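The data block below is upload.txt; it holds compact mmCIF, C-alpha atoms.
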# COMPACT_ATOMS: atom_id res chain seq x y z
CA MET B 28 -21.32 -8.42 4.09
CA HIS B 29 -21.60 -12.20 4.12
CA LEU B 30 -17.82 -12.54 3.61
CA LEU B 31 -17.07 -10.11 6.46
CA ARG B 32 -19.47 -12.00 8.71
CA GLN B 33 -17.80 -15.29 7.78
CA ILE B 34 -14.32 -13.87 8.46
CA SER B 35 -15.45 -12.46 11.81
CA PHE B 36 -17.08 -15.79 12.73
CA SER B 37 -13.94 -17.74 11.73
CA LEU B 38 -11.72 -15.48 13.82
CA ARG B 39 -14.08 -15.88 16.80
CA LEU B 40 -14.31 -19.63 16.31
CA THR B 41 -10.51 -20.05 16.39
CA ARG B 42 -9.93 -17.30 18.96
CA SER B 43 -7.45 -15.72 16.55
CA HIS B 44 -7.89 -12.03 17.42
CA GLY B 45 -5.03 -12.27 19.92
CA ILE B 46 -2.75 -14.00 17.41
CA ALA B 47 -3.48 -11.36 14.76
CA ARG B 48 -2.76 -8.60 17.28
CA ARG B 49 0.49 -10.27 18.30
CA TYR B 50 1.62 -10.60 14.68
CA PHE B 51 0.70 -6.98 13.99
CA ILE B 52 2.84 -5.74 16.87
CA THR B 53 5.77 -8.11 16.34
CA ASN B 54 6.11 -7.64 12.61
CA GLY B 55 5.15 -3.97 12.81
CA PHE B 56 7.96 -3.44 15.27
CA ASP B 57 10.31 -5.43 13.00
CA GLY B 58 9.38 -3.19 10.08
CA ALA B 59 9.81 -0.01 12.09
CA LEU B 60 13.23 -0.96 13.48
CA THR B 61 14.42 -2.20 10.08
CA MET B 62 13.48 1.06 8.40
CA LEU B 63 14.94 3.04 11.29
CA GLY B 64 18.21 1.15 10.86
CA LEU B 65 18.18 1.74 7.10
CA THR B 66 17.48 5.48 7.29
CA THR B 67 19.97 5.95 10.14
CA GLY B 68 22.60 4.15 8.07
CA PHE B 69 21.93 6.43 5.09
CA TYR B 70 22.08 9.48 7.37
CA ALA B 71 25.32 8.34 8.97
CA ALA B 72 26.91 7.59 5.59
CA GLY B 73 26.00 11.05 4.34
CA GLY B 74 25.64 12.20 0.73
CA VAL B 75 22.96 9.66 -0.18
CA ALA B 76 20.35 10.98 -2.59
CA PRO B 77 16.73 10.59 -1.41
CA SER B 78 15.90 8.70 -4.64
CA VAL B 79 18.50 6.03 -3.80
CA ALA B 80 17.20 5.80 -0.24
CA VAL B 81 13.58 5.52 -1.44
CA THR B 82 14.45 2.63 -3.78
CA ALA B 83 16.36 0.80 -1.06
CA CYS B 84 13.60 1.38 1.52
CA LEU B 85 10.89 0.27 -0.91
CA GLY B 86 12.81 -2.90 -1.69
CA THR B 87 13.14 -3.58 2.02
CA ALA B 88 9.44 -2.87 2.63
CA ILE B 89 8.45 -5.33 -0.11
CA ALA B 90 10.79 -7.98 1.27
CA LEU B 91 9.34 -7.51 4.76
CA ALA B 92 5.79 -7.81 3.40
CA VAL B 93 6.47 -10.96 1.37
CA SER B 94 8.37 -12.51 4.26
CA GLY B 95 5.55 -11.67 6.68
CA VAL B 96 2.80 -13.02 4.44
CA SER B 97 4.55 -16.25 3.46
CA SER B 98 5.92 -17.20 6.89
CA ALA B 99 2.62 -16.55 8.68
CA TYR B 100 0.57 -18.38 6.02
CA ILE B 101 2.76 -21.48 6.13
CA SER B 102 2.88 -21.69 9.93
CA GLU B 103 -0.79 -20.80 10.53
CA THR B 104 -2.01 -23.26 7.87
CA ALA B 105 -0.06 -26.04 9.57
CA GLU B 106 -1.42 -25.09 13.01
CA ARG B 107 -5.05 -24.87 11.83
CA LYS B 108 -4.78 -28.15 9.96
CA LYS B 109 -3.43 -29.85 13.10
CA GLU B 110 -6.26 -28.41 15.23
CA LEU B 111 -8.86 -29.49 12.65
CA LEU B 112 -7.49 -33.04 12.58
CA GLU B 113 -7.56 -33.22 16.39
CA LEU B 114 -11.15 -32.00 16.43
CA GLU B 115 -12.16 -34.48 13.71
CA HIS B 116 -10.61 -37.23 15.79
CA ALA B 117 -12.59 -36.13 18.86
CA MET B 118 -15.84 -35.72 16.89
CA LEU B 119 -15.29 -38.91 14.83
CA ALA B 120 -16.45 -36.93 11.82
CA GLU B 121 -14.99 -35.00 8.89
CA LEU B 122 -15.24 -31.28 9.42
CA GLU B 123 -13.89 -29.97 6.09
CA GLU B 124 -17.33 -28.75 4.97
CA THR B 125 -18.19 -27.12 8.30
CA ALA B 126 -17.46 -23.72 9.84
CA HIS B 127 -14.31 -25.25 11.36
CA GLY B 128 -13.08 -26.31 7.92
CA ASP B 129 -13.82 -22.82 6.58
CA ALA B 130 -11.96 -21.27 9.50
CA ALA B 131 -8.94 -23.51 8.86
CA ARG B 132 -8.78 -22.07 5.32
CA ILE B 133 -9.74 -18.43 6.04
CA VAL B 134 -7.83 -17.67 9.26
CA PRO B 135 -4.31 -18.35 7.88
CA ILE B 136 -5.02 -15.92 5.02
CA MET B 137 -6.23 -13.23 7.44
CA ILE B 138 -3.27 -13.70 9.77
CA ALA B 139 -0.82 -13.70 6.84
CA MET B 140 -2.28 -10.44 5.54
CA VAL B 141 -1.90 -8.79 8.94
CA ASN B 142 1.65 -10.09 9.19
CA GLY B 143 2.52 -8.65 5.80
CA ILE B 144 0.56 -5.40 5.85
CA ALA B 145 1.85 -4.33 9.28
CA PRO B 146 5.55 -3.95 8.40
CA PHE B 147 4.80 -2.78 4.85
CA SER B 148 2.50 0.05 5.89
CA ILE B 149 4.81 1.13 8.71
CA ALA B 150 7.79 1.06 6.34
CA LEU B 151 5.90 3.22 3.85
CA GLY B 152 5.08 5.71 6.59
CA ILE B 153 8.72 6.00 7.62
CA MET B 154 9.79 6.27 3.97
CA LEU B 155 7.29 9.03 3.20
CA PRO B 156 9.55 12.03 4.05
CA LEU B 157 12.21 10.64 1.69
CA TRP B 158 9.66 10.22 -1.08
CA LEU B 159 8.37 13.75 -0.52
CA ALA B 160 11.93 15.13 -0.66
CA GLN B 161 12.53 13.15 -3.87
CA HIS B 162 9.53 14.92 -5.41
CA GLY B 163 10.67 18.38 -4.36
CA VAL B 164 8.36 18.86 -1.39
CA GLY B 165 10.00 21.12 1.18
CA LEU B 166 10.35 19.69 4.71
CA PRO B 167 11.11 21.66 7.92
CA PHE B 168 14.08 19.41 8.55
CA GLY B 169 16.23 17.22 6.32
CA PRO B 170 14.51 14.16 4.75
CA PHE B 171 16.59 11.62 6.68
CA GLU B 172 16.13 13.46 9.99
CA THR B 173 12.37 13.65 9.37
CA SER B 174 12.29 9.97 8.43
CA ILE B 175 14.14 8.99 11.60
CA PHE B 176 11.82 11.16 13.68
CA THR B 177 8.79 9.51 11.99
CA ALA B 178 10.21 6.10 12.86
CA PHE B 179 10.56 7.10 16.51
CA LEU B 180 7.01 8.43 16.49
CA ILE B 181 5.64 5.18 15.10
CA ILE B 182 7.68 3.13 17.56
CA PHE B 183 6.36 5.32 20.37
CA GLY B 184 2.82 4.68 19.06
CA LEU B 185 3.39 0.92 19.01
CA GLY B 186 4.59 1.17 22.62
CA VAL B 187 1.46 3.07 23.65
CA TYR B 188 -0.69 0.41 21.97
CA LEU B 189 1.24 -2.34 23.75
CA GLY B 190 0.76 -0.59 27.07
CA ARG B 191 -2.98 -0.22 26.48
CA ILE B 192 -3.57 -3.86 25.62
CA SER B 193 -1.39 -5.19 28.42
CA GLY B 194 -2.95 -2.90 31.03
CA THR B 195 0.39 -1.33 31.97
CA PHE B 196 1.04 2.41 32.09
CA TRP B 197 1.11 3.47 28.42
CA LEU B 198 3.92 5.98 28.82
CA TRP B 199 6.28 3.47 30.41
CA ALA B 200 5.55 0.93 27.64
CA ALA B 201 6.17 3.61 24.99
CA VAL B 202 9.42 4.77 26.63
CA ARG B 203 10.61 1.15 26.64
CA THR B 204 10.10 0.76 22.90
CA VAL B 205 11.72 4.14 22.20
CA LEU B 206 14.75 3.07 24.28
CA ILE B 207 15.09 -0.01 22.05
CA ALA B 208 15.04 2.28 18.99
CA LEU B 209 17.68 4.50 20.59
CA VAL B 210 19.94 1.47 21.06
CA VAL B 211 19.64 0.72 17.31
CA VAL B 212 20.49 4.29 16.33
CA SER B 213 23.35 4.49 18.84
CA LEU B 214 24.94 1.26 17.59
CA ILE B 215 24.77 2.38 13.97
CA MET B 216 26.19 5.83 14.75
CA ALA B 217 28.95 4.25 16.88
CA LEU B 218 29.90 1.93 13.99
CA GLU B 219 30.00 4.87 11.58
CA LEU B 220 32.09 6.95 13.96
CA ASN B 221 34.58 4.06 14.22
CA GLY B 222 34.90 4.11 10.47
CA VAL B 223 33.21 0.78 9.75
CA MET U 8 -49.43 -31.41 6.13
CA SER U 9 -48.37 -31.99 9.70
CA SER U 10 -46.06 -29.50 11.39
CA VAL U 11 -43.21 -30.16 13.78
CA LYS U 12 -43.70 -28.19 16.97
CA ARG U 13 -40.90 -29.45 19.12
CA ILE U 14 -37.81 -31.60 18.73
CA VAL U 15 -35.21 -32.57 21.28
CA LEU U 16 -31.85 -33.74 19.94
CA ASP U 17 -28.78 -35.28 21.51
CA VAL U 18 -25.95 -33.34 19.88
CA LEU U 19 -22.19 -33.67 20.23
CA LYS U 20 -20.46 -30.38 19.40
CA PRO U 21 -16.99 -28.80 19.59
CA HIS U 22 -16.45 -26.20 22.32
CA LYS U 23 -16.49 -23.45 19.74
CA PRO U 24 -18.93 -22.00 18.93
CA ASN U 25 -20.14 -21.97 22.53
CA ALA U 26 -23.70 -22.97 23.49
CA LEU U 27 -24.91 -19.38 23.29
CA HIS U 28 -23.67 -18.76 19.72
CA PHE U 29 -24.79 -22.24 18.72
CA ALA U 30 -28.31 -21.47 19.98
CA GLN U 31 -28.31 -18.07 18.25
CA GLU U 32 -27.35 -19.63 14.91
CA LEU U 33 -30.16 -22.19 15.28
CA ALA U 34 -32.67 -19.53 16.32
CA ASP U 35 -31.77 -17.54 13.18
CA GLN U 36 -33.10 -20.41 11.03
CA GLY U 37 -36.73 -19.61 11.85
CA ARG U 38 -38.94 -16.65 12.70
CA ASP U 39 -40.35 -17.98 15.94
CA TYR U 40 -37.84 -20.63 17.01
CA ARG U 41 -37.25 -21.05 20.70
CA ILE U 42 -33.95 -22.84 21.34
CA LYS U 43 -32.83 -24.38 24.58
CA ILE U 44 -29.42 -26.03 24.95
CA LYS U 45 -28.29 -27.94 27.99
CA VAL U 46 -24.68 -29.05 28.21
CA THR U 47 -24.59 -32.46 29.84
CA GLU U 48 -20.95 -33.54 29.48
CA VAL U 49 -17.69 -31.78 28.73
CA ASP U 50 -14.38 -33.23 27.64
CA LYS U 51 -11.16 -31.80 26.23
CA LYS U 52 -12.41 -30.99 22.72
CA THR U 53 -16.17 -31.58 22.72
CA GLU U 54 -19.35 -31.24 24.76
CA SER U 55 -22.52 -33.33 24.76
CA THR U 56 -25.69 -31.27 24.66
CA ILE U 57 -29.43 -31.65 24.62
CA VAL U 58 -30.83 -29.23 22.05
CA SER U 59 -34.50 -28.41 22.20
CA VAL U 60 -36.17 -26.51 19.35
CA GLU U 61 -39.75 -25.18 19.56
CA GLY U 62 -41.69 -23.32 16.93
CA GLU U 63 -44.89 -23.16 14.92
CA SER U 64 -43.43 -25.22 12.06
CA ILE U 65 -39.85 -26.36 12.45
CA ASP U 66 -37.79 -26.99 9.30
CA PHE U 67 -35.95 -30.06 10.51
CA ASP U 68 -33.61 -30.28 7.49
CA ARG U 69 -32.50 -26.71 8.06
CA ILE U 70 -31.82 -27.42 11.72
CA VAL U 71 -29.77 -30.49 10.79
CA ASP U 72 -27.78 -28.53 8.16
CA THR U 73 -27.05 -25.74 10.65
CA ILE U 74 -25.89 -28.17 13.33
CA SER U 75 -23.61 -29.90 10.77
CA ARG U 76 -22.29 -26.58 9.49
CA LEU U 77 -21.34 -25.60 13.02
CA GLY U 78 -19.40 -28.85 13.43
CA GLY U 79 -22.02 -30.66 15.53
CA ALA U 80 -23.16 -34.25 15.16
CA ILE U 81 -26.71 -35.40 15.97
CA HIS U 82 -26.54 -38.63 17.95
CA SER U 83 -30.27 -39.14 18.36
CA ILE U 84 -33.73 -37.59 18.21
CA ASP U 85 -34.91 -37.90 21.82
CA GLU U 86 -38.33 -36.22 21.65
CA VAL U 87 -40.64 -34.93 18.98
CA GLU U 88 -43.99 -33.16 19.01
CA VAL U 89 -45.84 -33.05 15.70
CA LEU U 90 -49.28 -31.54 15.06
CA SER U 91 -51.58 -32.82 12.33
CA PRO U 92 -53.47 -30.34 10.13
CA SER U 93 -56.79 -31.22 11.79
CA ALA U 94 -55.33 -30.52 15.21
CA HIS U 95 -54.32 -27.11 13.81
CA ALA U 96 -57.89 -26.51 12.62
CA ARG U 97 -59.28 -27.31 16.08
Can you present the structure in this file as structure tokens?
Amino acid sequence: MHLLRQISFSLRLTRSHGIARRYFITNGFDGALTMLGLTTGFYAAGGVAPSVAVTACLGTAIALAVSGVSSAYISETAERKKELLELEHAMLAELEETAHGDAARIVPIMIAMVNGIAPFSIALGIMLPLWLAQHGVGLPFGPFETSIFTAFLIIFGLGVYLGRISGTFWLWAAVRTVLIALVVVSLIMALELNGV
Amino acid sequence: MSSVKRIVLDVLKPHKPNALHFAQELADQGRDYRIKIKVTEVDKKTESTIVSVEGESIDFDRIVDTISRLGGAIHSIDEVEVLSPSAHAR
């Protein structure tokens, strides 16, 4: 409980809830579009076994997670360190052993975890129909079609969330994100049709 | 042993935590602490405050540790009120 309280206090102290939310949406969207592109490519190519697709998608999900964690940790650590130094300069005191020093160490870890978990969990969700098909679970539609539909559903959900937090009409925000996904699918299908 | 009833401190603190959370953290250090914080000056990164703590028996070291932990710096002790044991008995 003490650790949770400390994390919550650190996030409040640095006003990092907004940053964490922004990273969740940005990298979550990245993960969703990447997996959508991957599954659409497999679908367009045709004749790809679900096991091959699952391995490729899992590799991509891991790469997205590691990229998200490492990039956010490096950049947030630098930012927090800079802010701490500026505050120490203003206070004419060292703040390493204070709540501000703790926050400078804790917040980058929290932000990095959000930045890594968001695309990884979304990628796993989109990959799930392929994994189920690989293990012989019957699906109402083909595994790649179901996977693509799941990706659109998640992207729609991200759009609704964006609309809610920005105070705009949720449906319009969701339609906007789905349109972006449609562009991705259309481009990939167009390339396949042109024999690329 | 004498007991500290009231202390008034000149404290320089960062903007975060704000005066309300700062006062709440100080109040949590004792059962009957009454905390009053007045912000006297504000600049880009810090604010000067007058922190007043009242209670039956204030643990000054704990107050100092809490202020330091929250990033504050005590510039001076402006007022104190201390009661001797005999004054208690009366």
key: Minimum-distance residue to Asp39 in chain U, chosen among U:Ser75, U:Ser64, U:Ser91, U:Ser59 (using only C-alpha atoms)   =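 Using only C-alpha atoms, Asp39 in chain U sits closest to U:Ser64.
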request  = For each of B:Ile34, B:Ile175, B:Leu198, B:Leu114, take the minimum atom-to-atom distance to Glu54 in chain U, counting all atoms listed in the file, then give the residue where this is smallest.
outcome  =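 Of B:Ile34, B:Ile175, B:Leu198, B:Leu114, the one nearest Glu54 in chain U, counting all atoms listed in the file, is B:Leu114.
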inquiry  = If I take CA of Glu61 in chain U and CA of Arg76 in chain U, how far is one from the other in Å, to one decimal?
reply    =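 These two atoms are separated by 20.2 Å.
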Contact residues around Val11 in chain U with all atoms listed in the file at 8 Å, ignoring same-chain residues under 3 positions, as a PDB file with C-alpha atoms, keeping the file's coordinate frame:
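Writing done, so here's selection_4.pdb:
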ATOM      1  CA  ILE U  14     -37.810 -31.600  18.730  1.00  0.00           C
ATOM      2  CA  GLY U  62     -41.690 -23.320  16.930  1.00  0.00           C
ATOM      3  CA  GLU U  63     -44.890 -23.160  14.920  1.00  0.00           C
ATOM      4  CA  SER U  64     -43.430 -25.220  12.060  1.00  0.00           C
ATOM      5  CA  ILE U  65     -39.850 -26.360  12.450  1.00  0.00           C
ATOM      6  CA  ASP U  66     -37.790 -26.990   9.300  1.00  0.00           C
ATOM      7  CA  PHE U  67     -35.950 -30.060  10.510  1.00  0.00           C
ATOM      8  CA  VAL U  87     -40.640 -34.930  18.980  1.00  0.00           C
ATOM      9  CA  GLU U  88     -43.990 -33.160  19.010  1.00  0.00           C
ATOM     10  CA  VAL U  89     -45.840 -33.050  15.700  1.00  0.00           C
ATOM     11  CA  LEU U  90     -49.280 -31.540  15.060  1.00  0.00           C
TER      12      LEU U  90
END
request  = Do me a favour and pick out the residues of chain B within 12 Å of chain U, using all atoms listed in the file, as a list in words.
outcome  =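 So the contacting residues turn out to be Phe36, Ser37, Leu38, Arg39, Leu40, Thr41, Arg42, Glu110, Leu111, Leu112, Glu113, Leu114, Glu115, His116, Ala117, Met118, Leu119, Ala120, Glu121, Leu122, Glu123, Glu124, Thr125, Ala126, His127, Gly128, Asp129 and Ala130 of chain B.
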key: CA of Phe69 in chain B to CA of Val210 in chain B, distance in Å rounded to a single decimal   = 16.8 Å
query = How many Å separate CA of Leu209 in chain B from CA of Gly64 in chain B?
reply = 10.3 Å
task = Pick out the residues sitting within 10 Å of Ile42 in chain U, and hand them over as a count of residues only; count only C-alpha atoms, and ignore anything fewer than 4 positions along from it in its own chain.
result = 16
message = For Thr173 in chain B, find every residue with an atom within 9 Å (counting all atoms listed in the file), except residues of its own chain fewer than 6 positions away, and show them as a ChimeraX atom specification.
response = /B:153,156-157,166-167
Top pick for closest residue to Thr67 in chain B, considering B:Leu159, B:Ala208, B:Ala131, B:Leu91 and counting all atoms listed in the file = B:Ala208
inquiry  = Can you pull out the residues contacting Leu63 in chain B? Cut-off 9 Å, using only C-alpha atoms, and skip same-chain residues under 3 positions away; I want them as a PyMOL selection string.
reply    = chain B and resi 58-60+66-68+150+153+174-175+177-179+208+211-212
inquiry  = Ranking B:Gly86, B:Gly143, B:Gly186, B:Gly163 by minimum distance to Leu65 in chain B and counting all atoms listed in the file, which one comes first?
reply    =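 Among the listed residues, the smallest separation from Leu65 in chain B belongs to B:Gly86.
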Take the structure in the block and write a file for range 179-213 of chain B, N, CA and C atoms, as a short mmCIF file (atom, residue, chain, number, x, y, z; two decimals), in the first residue's frame.
data_model
loop_
_atom_site.label_atom_id
_atom_site.label_comp_id
_atom_site.auth_asym_id
_atom_site.auth_seq_id
_atom_site.Cartn_x
_atom_site.Cartn_y
_atom_site.Cartn_z
N PHE B 179 -9.81 -3.22 -35.72
CA PHE B 179 -10.71 -2.08 -35.95
C PHE B 179 -11.51 -1.76 -34.69
N LEU B 180 -11.91 -2.79 -34.00
CA LEU B 180 -12.68 -2.60 -32.76
C LEU B 180 -11.85 -1.86 -31.70
N ILE B 181 -10.61 -2.27 -31.58
CA ILE B 181 -9.71 -1.64 -30.59
C ILE B 181 -9.43 -0.19 -30.98
N ILE B 182 -9.22 0.02 -32.28
CA ILE B 182 -8.95 1.38 -32.77
C ILE B 182 -10.18 2.26 -32.55
N PHE B 183 -11.35 1.69 -32.75
CA PHE B 183 -12.60 2.41 -32.48
C PHE B 183 -12.65 2.79 -30.99
N GLY B 184 -12.31 1.82 -30.14
CA GLY B 184 -12.30 2.05 -28.69
C GLY B 184 -11.34 3.15 -28.29
N LEU B 185 -10.16 3.16 -28.91
CA LEU B 185 -9.17 4.22 -28.61
C LEU B 185 -9.74 5.58 -29.02
N GLY B 186 -10.45 5.59 -30.15
CA GLY B 186 -11.08 6.84 -30.61
C GLY B 186 -12.14 7.33 -29.65
N VAL B 187 -12.94 6.40 -29.14
CA VAL B 187 -13.98 6.78 -28.15
C VAL B 187 -13.31 7.39 -26.91
N TYR B 188 -12.25 6.74 -26.45
CA TYR B 188 -11.52 7.22 -25.27
C TYR B 188 -10.96 8.62 -25.52
N LEU B 189 -10.39 8.81 -26.71
CA LEU B 189 -9.85 10.12 -27.08
C LEU B 189 -10.94 11.18 -27.05
N GLY B 190 -12.10 10.82 -27.60
CA GLY B 190 -13.22 11.76 -27.64
C GLY B 190 -13.67 12.13 -26.24
N ARG B 191 -13.72 11.14 -25.37
CA ARG B 191 -14.17 11.37 -23.98
C ARG B 191 -13.24 12.32 -23.24
N ILE B 192 -11.94 12.09 -23.40
CA ILE B 192 -10.99 12.93 -22.62
C ILE B 192 -10.84 14.32 -23.22
N SER B 193 -11.11 14.45 -24.53
CA SER B 193 -10.95 15.77 -25.13
C SER B 193 -12.25 16.56 -25.10
N GLY B 194 -13.34 15.90 -24.68
CA GLY B 194 -14.62 16.60 -24.59
C GLY B 194 -15.33 16.76 -25.93
N THR B 195 -14.81 16.07 -26.96
CA THR B 195 -15.50 16.13 -28.26
C THR B 195 -16.49 14.96 -28.34
N PHE B 196 -17.33 14.99 -29.36
CA PHE B 196 -18.32 13.93 -29.52
C PHE B 196 -17.60 12.61 -29.78
N TRP B 197 -17.84 11.61 -28.93
CA TRP B 197 -17.07 10.37 -28.94
C TRP B 197 -17.16 9.63 -30.27
N LEU B 198 -18.33 9.69 -30.90
CA LEU B 198 -18.52 8.94 -32.15
C LEU B 198 -17.67 9.54 -33.27
N TRP B 199 -17.61 10.86 -33.32
CA TRP B 199 -16.82 11.52 -34.35
C TRP B 199 -15.33 11.20 -34.17
N ALA B 200 -14.87 11.22 -32.92
CA ALA B 200 -13.47 10.90 -32.62
C ALA B 200 -13.17 9.45 -33.01
N ALA B 201 -14.11 8.55 -32.74
CA ALA B 201 -13.91 7.13 -33.06
C ALA B 201 -13.92 6.91 -34.57
N VAL B 202 -14.81 7.60 -35.27
CA VAL B 202 -14.88 7.47 -36.73
C VAL B 202 -13.56 7.94 -37.35
N ARG B 203 -13.00 9.00 -36.78
CA ARG B 203 -11.74 9.55 -37.29
C ARG B 203 -10.61 8.52 -37.20
N THR B 204 -10.52 7.84 -36.07
CA THR B 204 -9.46 6.84 -35.90
C THR B 204 -9.70 5.64 -36.80
N VAL B 205 -10.97 5.27 -36.98
CA VAL B 205 -11.29 4.13 -37.86
C VAL B 205 -10.95 4.48 -39.31
N LEU B 206 -11.16 5.73 -39.69
CA LEU B 206 -10.82 6.17 -41.06
C LEU B 206 -9.31 6.03 -41.30
N ILE B 207 -8.52 6.36 -40.28
CA ILE B 207 -7.06 6.22 -40.38
C ILE B 207 -6.71 4.74 -40.61
N ALA B 208 -7.39 3.86 -39.87
CA ALA B 208 -7.15 2.42 -40.02
C ALA B 208 -7.54 1.95 -41.42
N LEU B 209 -8.63 2.51 -41.92
CA LEU B 209 -9.09 2.14 -43.28
C LEU B 209 -8.06 2.54 -44.33
N VAL B 210 -7.43 3.68 -44.13
CA VAL B 210 -6.38 4.14 -45.06
C VAL B 210 -5.25 3.12 -45.10
N VAL B 211 -4.85 2.63 -43.91
CA VAL B 211 -3.76 1.63 -43.81
C VAL B 211 -4.13 0.37 -44.59
N VAL B 212 -5.33 -0.13 -44.34
CA VAL B 212 -5.79 -1.36 -44.99
C VAL B 212 -5.88 -1.16 -46.51
N SER B 213 -6.43 -0.01 -46.90
CA SER B 213 -6.60 0.28 -48.34
C SER B 213 -5.25 0.33 -49.05
#
